[in-house]
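Colleague: Have a peek at data28.tsv (TSV, C-alpha atoms).
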```tsv
chain	number	residue	atom	x	y	z
A	1	MET	CA	18.43	-5.46	13.93
A	2	ASP	CA	16.67	-8.63	15.06
A	3	PRO	CA	14.11	-9.13	12.24
A	4	VAL	CA	11.78	-11.35	14.25
A	5	LYS	CA	11.69	-8.96	17.17
A	6	TYR	CA	10.99	-6.01	14.89
A	7	ARG	CA	8.39	-7.88	12.88
A	8	ASN	CA	6.55	-8.67	16.10
A	9	LEU	CA	6.87	-5.06	17.24
A	10	PHE	CA	5.54	-3.95	13.86
A	11	LEU	CA	2.60	-6.37	13.98
A	12	GLU	CA	1.65	-5.28	17.47
A	13	GLU	CA	1.78	-1.57	16.72
A	14	ALA	CA	0.30	-1.86	13.22
A	15	THR	CA	-2.67	-3.80	14.61
A	16	GLU	CA	-3.25	-1.07	17.17
A	17	HIS	CA	-3.02	1.57	14.45
A	18	LEU	CA	-5.49	-0.22	12.20
A	19	GLY	CA	-7.97	-0.48	15.08
A	20	GLU	CA	-7.63	3.24	15.76
A	21	ILE	CA	-8.01	4.05	12.07
A	22	GLY	CA	-11.21	2.00	11.99
A	23	ARG	CA	-12.66	3.94	14.91
A	24	ALA	CA	-11.68	7.27	13.33
A	25	LEU	CA	-13.33	6.24	10.05
A	26	LEU	CA	-16.59	5.67	11.90
A	27	GLU	CA	-16.32	9.30	13.04
A	28	LEU	CA	-15.64	10.40	9.48
A	29	GLU	CA	-18.61	8.41	8.27
A	30	LYS	CA	-20.79	10.58	10.50
A	31	ASP	CA	-18.97	13.78	9.63
A	32	PRO	CA	-16.57	13.76	6.65
A	33	ARG	CA	-15.21	17.12	7.82
A	34	ALA	CA	-14.27	15.88	11.30
A	35	GLY	CA	-10.81	17.43	11.39
A	36	GLU	CA	-9.48	15.57	14.41
A	37	ALA	CA	-10.47	12.19	13.01
A	38	LEU	CA	-8.88	13.05	9.66
A	39	ASP	CA	-5.68	14.23	11.38
A	40	LEU	CA	-5.57	11.00	13.38
A	41	VAL	CA	-5.98	8.79	10.32
A	42	PHE	CA	-3.28	10.78	8.52
A	43	ARG	CA	-0.84	10.43	11.41
A	44	LEU	CA	-1.47	6.70	11.87
A	45	VAL	CA	-1.13	5.98	8.16
A	46	HIS	CA	2.09	8.01	8.11
A	47	SER	CA	3.41	6.00	11.05
A	48	LEU	CA	2.44	2.73	9.39
A	49	LYS	CA	4.28	3.83	6.25
A	50	GLY	CA	7.49	4.52	8.18
A	51	MET	CA	7.42	1.25	10.07
A	52	ALA	CA	6.68	-0.80	6.95
A	53	ALA	CA	9.45	0.93	5.00
A	54	SER	CA	11.91	0.21	7.81
A	55	LEU	CA	11.28	-3.51	7.46
A	56	GLY	CA	11.23	-3.57	3.67
A	57	TYR	CA	7.48	-4.17	3.35
A	58	ASP	CA	7.52	-1.97	0.28
A	59	ALA	CA	4.04	-2.81	-1.01
A	60	LEU	CA	2.51	-1.89	2.33
A	61	SER	CA	4.59	1.26	2.60
A	62	ASP	CA	3.62	2.23	-0.95
A	63	LEU	CA	-0.11	1.84	-0.32
A	64	ALA	CA	0.22	3.81	2.91
A	65	HIS	CA	2.13	6.51	1.03
A	66	ARG	CA	-0.58	6.80	-1.62
A	67	LEU	CA	-3.25	6.93	1.06
A	68	GLU	CA	-1.29	9.50	3.06
A	69	ASP	CA	-1.00	11.64	-0.05
A	70	ARG	CA	-4.75	11.52	-0.61
A	71	LEU	CA	-5.44	12.23	3.07
A	72	GLY	CA	-3.07	15.17	2.93
A	73	ARG	CA	-5.06	16.75	0.12
A	74	TRP	CA	-8.32	16.26	2.00
A	75	ARG	CA	-6.79	17.79	5.13
A	76	ALA	CA	-5.60	20.78	3.15
A	77	GLY	CA	-9.10	21.18	1.74
A	78	GLY	CA	-10.78	21.10	5.16
A	79	GLY	CA	-12.25	17.60	4.97
A	80	ILE	CA	-13.42	14.82	2.71
A	81	ASP	CA	-15.31	16.65	0.04
A	82	GLU	CA	-16.11	13.98	-2.50
A	83	ALA	CA	-18.76	11.29	-2.64
A	84	GLY	CA	-17.38	7.90	-1.83
A	85	GLY	CA	-14.35	9.32	-0.05
A	86	VAL	CA	-15.06	7.63	3.28
A	87	THR	CA	-15.96	4.39	1.50
A	88	LEU	CA	-12.57	4.55	-0.24
A	89	LEU	CA	-10.91	4.96	3.15
A	90	PHE	CA	-12.69	1.88	4.46
A	91	ARG	CA	-11.49	-0.05	1.41
A	92	CYS	CA	-7.95	1.12	2.05
A	93	LEU	CA	-8.22	0.08	5.68
A	94	GLU	CA	-9.32	-3.36	4.55
A	95	GLY	CA	-6.42	-3.48	2.09
A	96	LEU	CA	-3.94	-2.56	4.82
A	97	GLU	CA	-5.45	-5.16	7.15
A	98	VAL	CA	-5.03	-7.85	4.50
A	99	MET	CA	-1.40	-6.86	4.00
A	100	VAL	CA	-0.60	-6.80	7.72
A	101	ALA	CA	-2.28	-10.20	8.10
A	102	ALA	CA	-0.09	-11.52	5.29
A	103	VAL	CA	3.01	-10.21	7.05
A	104	ARG	CA	1.86	-12.05	10.17
A	105	GLU	CA	1.29	-15.29	8.27
A	106	THR	CA	4.03	-15.27	5.64
A	107	GLY	CA	6.52	-12.58	6.64
A	108	ALA	CA	5.85	-10.56	3.48
A	109	ALA	CA	3.25	-8.06	2.29
A	110	PRO	CA	1.54	-8.82	-1.04
A	111	PRO	CA	0.92	-6.03	-3.57
A	112	PRO	CA	-2.26	-4.02	-2.97
A	113	ALA	CA	-5.29	-4.66	-5.17
A	114	PRO	CA	-4.75	-2.69	-8.41
A	115	GLU	CA	-8.30	-1.31	-8.29
A	116	LEU	CA	-7.55	0.18	-4.88
A	117	VAL	CA	-4.41	1.88	-6.17
A	118	ALA	CA	-6.38	3.11	-9.17
A	119	ALA	CA	-9.19	4.43	-6.94
A	120	LEU	CA	-6.67	6.35	-4.82
A	121	ALA	CA	-5.19	7.92	-7.92
A	122	ALA	CA	-8.58	8.68	-9.47
A	123	ALA	CA	-10.74	11.81	-9.48
A	124	GLY	CA	-8.04	14.06	-10.83
A	125	ALA	CA	-5.68	13.31	-7.96
A	126	PRO	CA	-2.06	13.66	-8.98
A	127	GLU	CA	0.27	10.75	-8.34
A	128	PRO	CA	2.13	10.97	-5.04
A	129	GLU	CA	5.36	12.89	-5.34
A	130	PRO	CA	8.26	10.59	-6.09
A	131	ALA	CA	10.89	10.31	-3.39
A	132	LYS	CA	13.16	13.24	-4.11
A	133	LYS	CA	16.88	12.91	-3.80
A	134	VAL	CA	17.38	16.62	-3.12
A	135	ARG	CA	18.83	17.16	0.32
A	136	PRO	CA	17.43	20.24	2.07
A	137	GLN	CA	20.22	22.37	3.47
A	138	PRO	CA	20.16	23.80	6.98
A	139	ALA	CA	19.04	27.42	6.78
A	140	ARG	CA	21.51	30.19	7.41
A	141	GLY	CA	21.83	30.56	11.14
A	142	ALA	CA	20.43	27.12	11.86
A	143	ARG	CA	22.62	25.19	14.21
B	1	MET	CA	31.07	10.84	28.38
B	2	PRO	CA	28.25	9.44	26.24
B	3	VAL	CA	26.10	11.81	24.22
B	4	ARG	CA	22.74	12.03	26.02
B	5	VAL	CA	19.82	11.70	23.62
B	6	LEU	CA	16.09	12.27	23.96
B	7	VAL	CA	14.14	10.30	21.33
B	8	ALA	CA	10.73	11.65	20.25
B	9	ASP	CA	8.50	9.57	17.99
B	10	ASP	CA	4.88	8.50	18.31
B	11	ALA	CA	5.78	4.95	17.17
B	12	ARG	CA	7.31	2.65	19.79
B	13	PHE	CA	8.84	0.76	16.87
B	14	MET	CA	10.80	3.82	15.75
B	15	ARG	CA	11.91	4.76	19.25
B	16	GLN	CA	13.22	1.25	19.81
B	17	LEU	CA	14.94	1.21	16.43
B	18	ILE	CA	16.75	4.50	17.06
B	19	ARG	CA	17.79	3.31	20.51
B	20	GLU	CA	19.24	0.08	19.12
B	21	ILE	CA	21.09	1.90	16.35
B	22	ILE	CA	22.75	4.53	18.52
B	23	GLU	CA	23.35	2.98	21.94
B	24	PRO	CA	26.14	0.64	20.82
B	25	GLU	CA	27.85	3.68	19.27
B	26	GLY	CA	28.40	5.69	22.42
B	27	PHE	CA	25.06	7.45	22.74
B	28	GLU	CA	22.87	7.15	25.81
B	29	VAL	CA	19.10	7.40	25.37
B	30	VAL	CA	18.11	9.28	28.50
B	31	GLY	CA	14.43	9.60	27.65
B	32	GLU	CA	11.67	8.96	25.17
B	33	ALA	CA	8.59	10.96	24.22
B	34	ALA	CA	5.58	9.86	22.19
B	35	ASP	CA	4.08	13.26	21.36
B	36	GLY	CA	5.02	16.84	20.69
B	37	ARG	CA	3.95	18.09	24.08
B	38	SER	CA	5.79	15.56	26.22
B	39	VAL	CA	9.03	16.01	24.29
B	40	VAL	CA	9.13	19.63	25.41
B	41	GLU	CA	8.44	18.59	29.01
B	42	GLU	CA	11.08	15.86	28.88
B	43	PHE	CA	13.59	18.25	27.36
B	44	ALA	CA	13.06	20.73	30.18
B	45	LYS	CA	13.54	17.96	32.73
B	46	LEU	CA	16.42	16.02	31.17
B	47	ARG	CA	18.36	18.68	29.25
B	48	PRO	CA	19.76	16.14	26.76
B	49	ASP	CA	22.70	16.86	24.45
B	50	VAL	CA	20.64	15.97	21.37
B	51	VAL	CA	16.96	15.45	20.56
B	52	THR	CA	15.75	13.26	17.69
B	53	MET	CA	12.41	14.71	16.66
B	54	ASP	CA	9.76	13.02	14.54
B	55	ILE	CA	7.79	15.55	12.49
B	56	VAL	CA	4.29	14.04	12.53
B	57	MET	CA	3.26	13.50	16.14
B	58	PRO	CA	0.06	13.91	18.18
B	59	LYS	CA	-0.75	16.89	20.41
B	60	ARG	CA	1.88	19.10	18.78
B	61	SER	CA	3.92	18.70	15.62
B	62	GLY	CA	7.64	18.10	15.81
B	63	ILE	CA	8.20	21.51	14.21
B	64	ASP	CA	6.18	23.29	16.89
B	65	ALA	CA	8.08	21.31	19.52
B	66	VAL	CA	11.38	22.52	17.99
B	67	ARG	CA	10.24	26.11	18.39
B	68	GLU	CA	9.22	25.55	22.00
B	69	ILE	CA	12.44	23.78	22.91
B	70	LEU	CA	14.54	26.51	21.33
B	71	ALA	CA	12.57	29.09	23.28
B	72	LEU	CA	13.58	27.21	26.44
B	73	ASP	CA	17.18	26.71	25.32
B	74	PRO	CA	18.41	28.54	22.21
B	75	GLY	CA	21.43	26.22	22.12
B	76	ALA	CA	19.39	23.02	21.96
B	77	ARG	CA	20.55	20.60	19.26
B	78	ILE	CA	17.75	18.84	17.44
B	79	ALA	CA	17.86	16.32	14.58
B	80	MET	CA	14.58	15.96	12.73
B	81	VAL	CA	13.36	12.49	11.77
B	82	SER	CA	11.57	12.71	8.46
B	83	ALA	CA	10.15	10.42	5.82
B	84	LEU	CA	10.68	10.58	2.09
B	85	GLY	CA	8.34	13.16	0.62
B	86	GLN	CA	8.57	15.51	3.62
B	87	GLU	CA	11.19	17.85	2.17
B	88	ALA	CA	9.08	20.97	2.69
B	89	LEU	CA	8.49	20.12	6.34
B	90	VAL	CA	12.19	19.39	6.86
B	91	MET	CA	13.00	22.79	5.39
B	92	GLU	CA	10.50	24.43	7.73
B	93	ALA	CA	12.06	22.63	10.70
B	94	LEU	CA	15.57	23.71	9.70
B	95	GLN	CA	14.38	27.28	9.33
B	96	ALA	CA	12.82	27.00	12.79
B	97	GLY	CA	16.27	26.13	14.13
B	98	ALA	CA	16.64	22.35	13.94
B	99	SER	CA	20.27	21.38	13.40
B	100	ASP	CA	19.97	18.60	10.83
B	101	TYR	CA	17.78	15.66	9.88
B	102	ILE	CA	17.70	11.93	9.29
B	103	VAL	CA	15.38	10.13	6.89
B	104	LYS	CA	13.24	7.02	7.36
B	105	PRO	CA	13.83	4.23	6.53
B	106	PHE	CA	17.06	4.62	8.47
B	107	LYS	CA	20.52	3.83	7.28
B	108	PRO	CA	22.23	3.18	10.63
B	109	GLU	CA	25.55	4.71	9.56
B	110	ALA	CA	23.77	7.87	8.41
B	111	VAL	CA	21.87	8.14	11.69
B	112	ILE	CA	25.07	7.81	13.72
B	113	ALA	CA	27.05	10.22	11.54
B	114	THR	CA	24.29	12.84	11.66
B	115	LEU	CA	23.83	12.60	15.42
B	116	ARG	CA	27.59	12.83	15.99
B	117	LYS	CA	27.72	15.92	13.79
B	118	VAL	CA	24.77	17.47	15.62
B	119	ALA	CA	26.26	16.66	19.04
B	120	GLU	CA	29.55	18.32	18.07
B	121	LYS	CA	27.93	21.57	17.04
B	122	GLU	CA	28.67	24.50	19.29
B	123	ARG	CA	25.89	25.47	21.58
```
Take the structure from the file and write it as structure tokens.
Modeller:
Amino acid sequence: MDPVKYRNLFLEEATEHLGEIGRALLELEKDPRAGEALDLVFRLVHSLKGMAASLGYDALSDLAHRLEDRLGRWRAGGGIDEAGGVTLLFRCLEGLEVMVAAVRETGAAPPPAPELVAALAAAGAPEPEPAKKVRPQPARGAR
Amino acid sequence: MPVRVLVADDARFMRQLIREIIEPEGFEVVGEAADGRSVVEEFAKLRPDVVTMDIVMPKRSGIDAVREILALDPGARIAMVSALGQEALVMEALQAGASDYIVKPFKPEAVIATLRKVAEKER
């Protein structure tokens, strides 16, 4: 893998994703139960997580994972149902933007702000599931 | 004969990465798809030997796309592309008929070994 090529590819696509997330958050600001906007943010954050993990930007991938976990619970519940939820998403977006900018400038992502991590874990939200080592087996009859 | 592969992932980054991992190893990427609807269309058109299928994609999930592809061709061979923490979704995809899976971030040797195993499965 050519690290410079992939870093540039990451920066290009991550910047697009962050722009799209920002637009979706404006929708969610108007309607915190806007399902399509919530689905879009979830998918883009998931994608960001995978790209960052592939390049070893673990801090960025970890923040995205925590955010994805929170978004997943909101999706399962039919929307953002707590005060300050959309504000938290905007703060996370800002945190991700700072980290992507650092990758652009220094080639590495700094750790996220601890208060952001704490806010994501707050309000009774369980910690994101640790990466399990259990390997799912193909079901009987699966090719 | 190279193994003909259709790569489905909404991230260009991931599609490019898979292509660069597998092409030097005797696989030919015959097509790419960026969402769960177009992967079904591309499958019908290209009839690849193997599909790599991201789970979280726009328009239709990778799992729904697996079901649609298998309805078109019950012998289709599909390797899911999952992330850590998606074990339940991987299980659902395998139960839907996917052949195997690879996990992001990729270990190139694991990707190649899994796709070879999937390609060798009987149709």
Colleague: Do you have the CA of Gly36 (chain B)-CA of Gly62 (chain B) distance handy?
Modeller: 5.7 Å
Colleague: Would you mind reading off the distance between CA of Ile102 (chain B) and CA of Val81 (chain B), one decimal, in Å?
Modeller: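 Going from CA of Ile102 (chain B) over to CA of Val81 (chain B), I get 5.0 Å.
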Colleague: Measuring atom to atom with only C-alpha atoms, identify which of A:Arg43, A:Lys30, A:His17, A:Arg75 is nearest to chain B.
Modeller: A:Arg43
Colleague: Chain B near chain A within 6 Å: what's each residue's closest atom pair and its distance in Å to one decimal, counting only C-alpha atoms, ordered by chain then ascending residue number, as JSON lines?
Modeller:
```
{"residue": "B:Leu84", "atom": "CA", "partner": "A:Ala131", "partner_atom": "CA", "distance": 5.5}
{"residue": "B:Gly85", "atom": "CA", "partner": "A:Ala131", "partner_atom": "CA", "distance": 5.5}
{"residue": "B:Leu94", "atom": "CA", "partner": "A:Pro138", "partner_atom": "CA", "distance": 5.3}
{"residue": "B:Gln95", "atom": "CA", "partner": "A:Ala139", "partner_atom": "CA", "distance": 5.3}
{"residue": "B:Gly97", "atom": "CA", "partner": "A:Ala142", "partner_atom": "CA", "distance": 4.8}
{"residue": "B:Ser99", "atom": "CA", "partner": "A:Arg143", "partner_atom": "CA", "distance": 4.5}
{"residue": "B:Pro105", "atom": "CA", "partner": "A:Ser54", "partner_atom": "CA", "distance": 4.6}
```
Colleague: Keeping only C-alpha atoms, write the selected residues as a JSON list (two decimals), in the frame of the given file.
Modeller:
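Final output, again02.json:
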```json
[["chain", "number", "residue", "atom", "x", "y", "z"],
["B", 84, "LEU", "CA", 10.68, 10.58, 2.09],
["B", 85, "GLY", "CA", 8.34, 13.16, 0.62],
["B", 94, "LEU", "CA", 15.57, 23.71, 9.70],
["B", 95, "GLN", "CA", 14.38, 27.28, 9.33],
["B", 97, "GLY", "CA", 16.27, 26.13, 14.13],
["B", 99, "SER", "CA", 20.27, 21.38, 13.40],
["B", 105, "PRO", "CA", 13.83, 4.23, 6.53]]
```
Colleague: Could you pull the residues within 7 Å of region 24-27 of chain B, counting only C-alpha atoms, minus those fewer than 3 positions along the same chain, as a PyMOL selection string?
Modeller: chain B and resi 2-5+21
Colleague: Tell me which protein, DNA and RNA residues are within 9 Å of Val103 (chain B), counting only C-alpha atoms, leaving out same-chain ones fewer than 5 positions away, and put them as an MDAnalysis selection string.
Modeller: chainID B and resid 80:84 110:111
Colleague: Measure the distance from CA of Glu68 (chain A) to CA of Val41 (chain A) in Å and round it to one decimal.
Modeller: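 Separation between CA of Glu68 (chain A) and CA of Val41 (chain A): 8.7 Å.
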Colleague: Rank A:Tyr57, A:Ala118, A:Ala64, A:Asp31 by their smallest atom-to-atom distance to Thr106 (chain A), using all atoms listed in the file, and report the top residue only.
Modeller: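 Among the listed residues, A:Tyr57 lies closest to Thr106 (chain A).
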Colleague: List the spatial neighbours of region 41-57 of chain B as a CSV table (one decimal) with C-alpha atoms, keeping the file's coordinate frame - criterion: any atom at most 9 Å away, only C-alpha atoms, same-chain residues fewer than 3 positions off excluded.
Modeller:
```
chain,number,residue,atom,x,y,z
A,43,ARG,CA,-0.8,10.4,11.4
A,46,HIS,CA,2.1,8.0,8.1
A,47,SER,CA,3.4,6.0,11.0
B,3,VAL,CA,26.1,11.8,24.2
B,4,ARG,CA,22.7,12.0,26.0
B,5,VAL,CA,19.8,11.7,23.6
B,6,LEU,CA,16.1,12.3,24.0
B,7,VAL,CA,14.1,10.3,21.3
B,8,ALA,CA,10.7,11.6,20.2
B,9,ASP,CA,8.5,9.6,18.0
B,10,ASP,CA,4.9,8.5,18.3
B,11,ALA,CA,5.8,5.0,17.2
B,18,ILE,CA,16.8,4.5,17.1
B,29,VAL,CA,19.1,7.4,25.4
B,30,VAL,CA,18.1,9.3,28.5
B,31,GLY,CA,14.4,9.6,27.6
B,32,GLU,CA,11.7,9.0,25.2
B,33,ALA,CA,8.6,11.0,24.2
B,34,ALA,CA,5.6,9.9,22.2
B,35,ASP,CA,4.1,13.3,21.4
B,36,GLY,CA,5.0,16.8,20.7
B,37,ARG,CA,4.0,18.1,24.1
B,38,SER,CA,5.8,15.6,26.2
B,60,ARG,CA,1.9,19.1,18.8
B,61,SER,CA,3.9,18.7,15.6
B,62,GLY,CA,7.6,18.1,15.8
B,63,ILE,CA,8.2,21.5,14.2
B,65,ALA,CA,8.1,21.3,19.5
B,66,VAL,CA,11.4,22.5,18.0
B,69,ILE,CA,12.4,23.8,22.9
B,72,LEU,CA,13.6,27.2,26.4
B,73,ASP,CA,17.2,26.7,25.3
B,76,ALA,CA,19.4,23.0,22.0
B,77,ARG,CA,20.6,20.6,19.3
B,78,ILE,CA,17.8,18.8,17.4
B,79,ALA,CA,17.9,16.3,14.6
B,80,MET,CA,14.6,16.0,12.7
B,81,VAL,CA,13.4,12.5,11.8
B,82,SER,CA,11.6,12.7,8.5
B,83,ALA,CA,10.2,10.4,5.8
B,86,GLN,CA,8.6,15.5,3.6
B,89,LEU,CA,8.5,20.1,6.3
B,90,VAL,CA,12.2,19.4,6.9
B,93,ALA,CA,12.1,22.6,10.7
B,101,TYR,CA,17.8,15.7,9.9
B,102,ILE,CA,17.7,11.9,9.3
B,115,LEU,CA,23.8,12.6,15.4
B,118,VAL,CA,24.8,17.5,15.6
B,119,ALA,CA,26.3,16.7,19.0
```
Colleague: Where atoms are missing, can you supply N, CA and C atoms for region 7-23 of chain B and output the lot as a short mmCIF file (atom, residue, chain, number, x, y, z; two decimals), keeping the file's coordinate frame?
Modeller:
```cif
data_model
loop_
_atom_site.label_atom_id
_atom_site.label_comp_id
_atom_site.auth_asym_id
_atom_site.auth_seq_id
_atom_site.Cartn_x
_atom_site.Cartn_y
_atom_site.Cartn_z
N VAL B 7 14.72 10.80 22.58
CA VAL B 7 14.14 10.30 21.33
C VAL B 7 12.63 10.57 21.34
N ALA B 8 12.16 11.33 20.34
CA ALA B 8 10.73 11.65 20.25
C ALA B 8 10.15 11.06 18.97
N ASP B 9 9.20 10.15 19.14
CA ASP B 9 8.50 9.57 17.99
C ASP B 9 7.23 8.93 18.53
N ASP B 10 6.13 9.07 17.80
CA ASP B 10 4.88 8.50 18.31
C ASP B 10 4.84 6.98 18.14
N ALA B 11 5.76 6.41 17.37
CA ALA B 11 5.78 4.95 17.17
C ALA B 11 6.82 4.31 18.08
N ARG B 12 6.37 3.37 18.93
CA ARG B 12 7.31 2.65 19.79
C ARG B 12 8.38 1.98 18.94
N PHE B 13 7.94 1.43 17.81
CA PHE B 13 8.84 0.76 16.87
C PHE B 13 10.02 1.65 16.52
N MET B 14 9.75 2.90 16.18
CA MET B 14 10.80 3.82 15.75
C MET B 14 11.70 4.21 16.93
N ARG B 15 11.09 4.41 18.08
CA ARG B 15 11.91 4.76 19.25
C ARG B 15 12.89 3.63 19.57
N GLN B 16 12.37 2.42 19.52
CA GLN B 16 13.22 1.25 19.81
C GLN B 16 14.32 1.11 18.77
N LEU B 17 13.97 1.35 17.51
CA LEU B 17 14.94 1.21 16.43
C LEU B 17 16.08 2.23 16.59
N ILE B 18 15.72 3.47 16.88
CA ILE B 18 16.75 4.50 17.06
C ILE B 18 17.65 4.13 18.25
N ARG B 19 17.02 3.70 19.32
CA ARG B 19 17.79 3.31 20.51
C ARG B 19 18.80 2.21 20.15
N GLU B 20 18.35 1.21 19.42
CA GLU B 20 19.24 0.08 19.12
C GLU B 20 20.33 0.45 18.12
N ILE B 21 20.06 1.46 17.29
CA ILE B 21 21.09 1.90 16.35
C ILE B 21 22.17 2.70 17.08
N ILE B 22 21.76 3.57 17.99
CA ILE B 22 22.75 4.53 18.52
C ILE B 22 23.42 4.09 19.82
N GLU B 23 22.75 3.28 20.64
CA GLU B 23 23.35 2.98 21.94
C GLU B 23 24.68 2.22 21.84
#
```
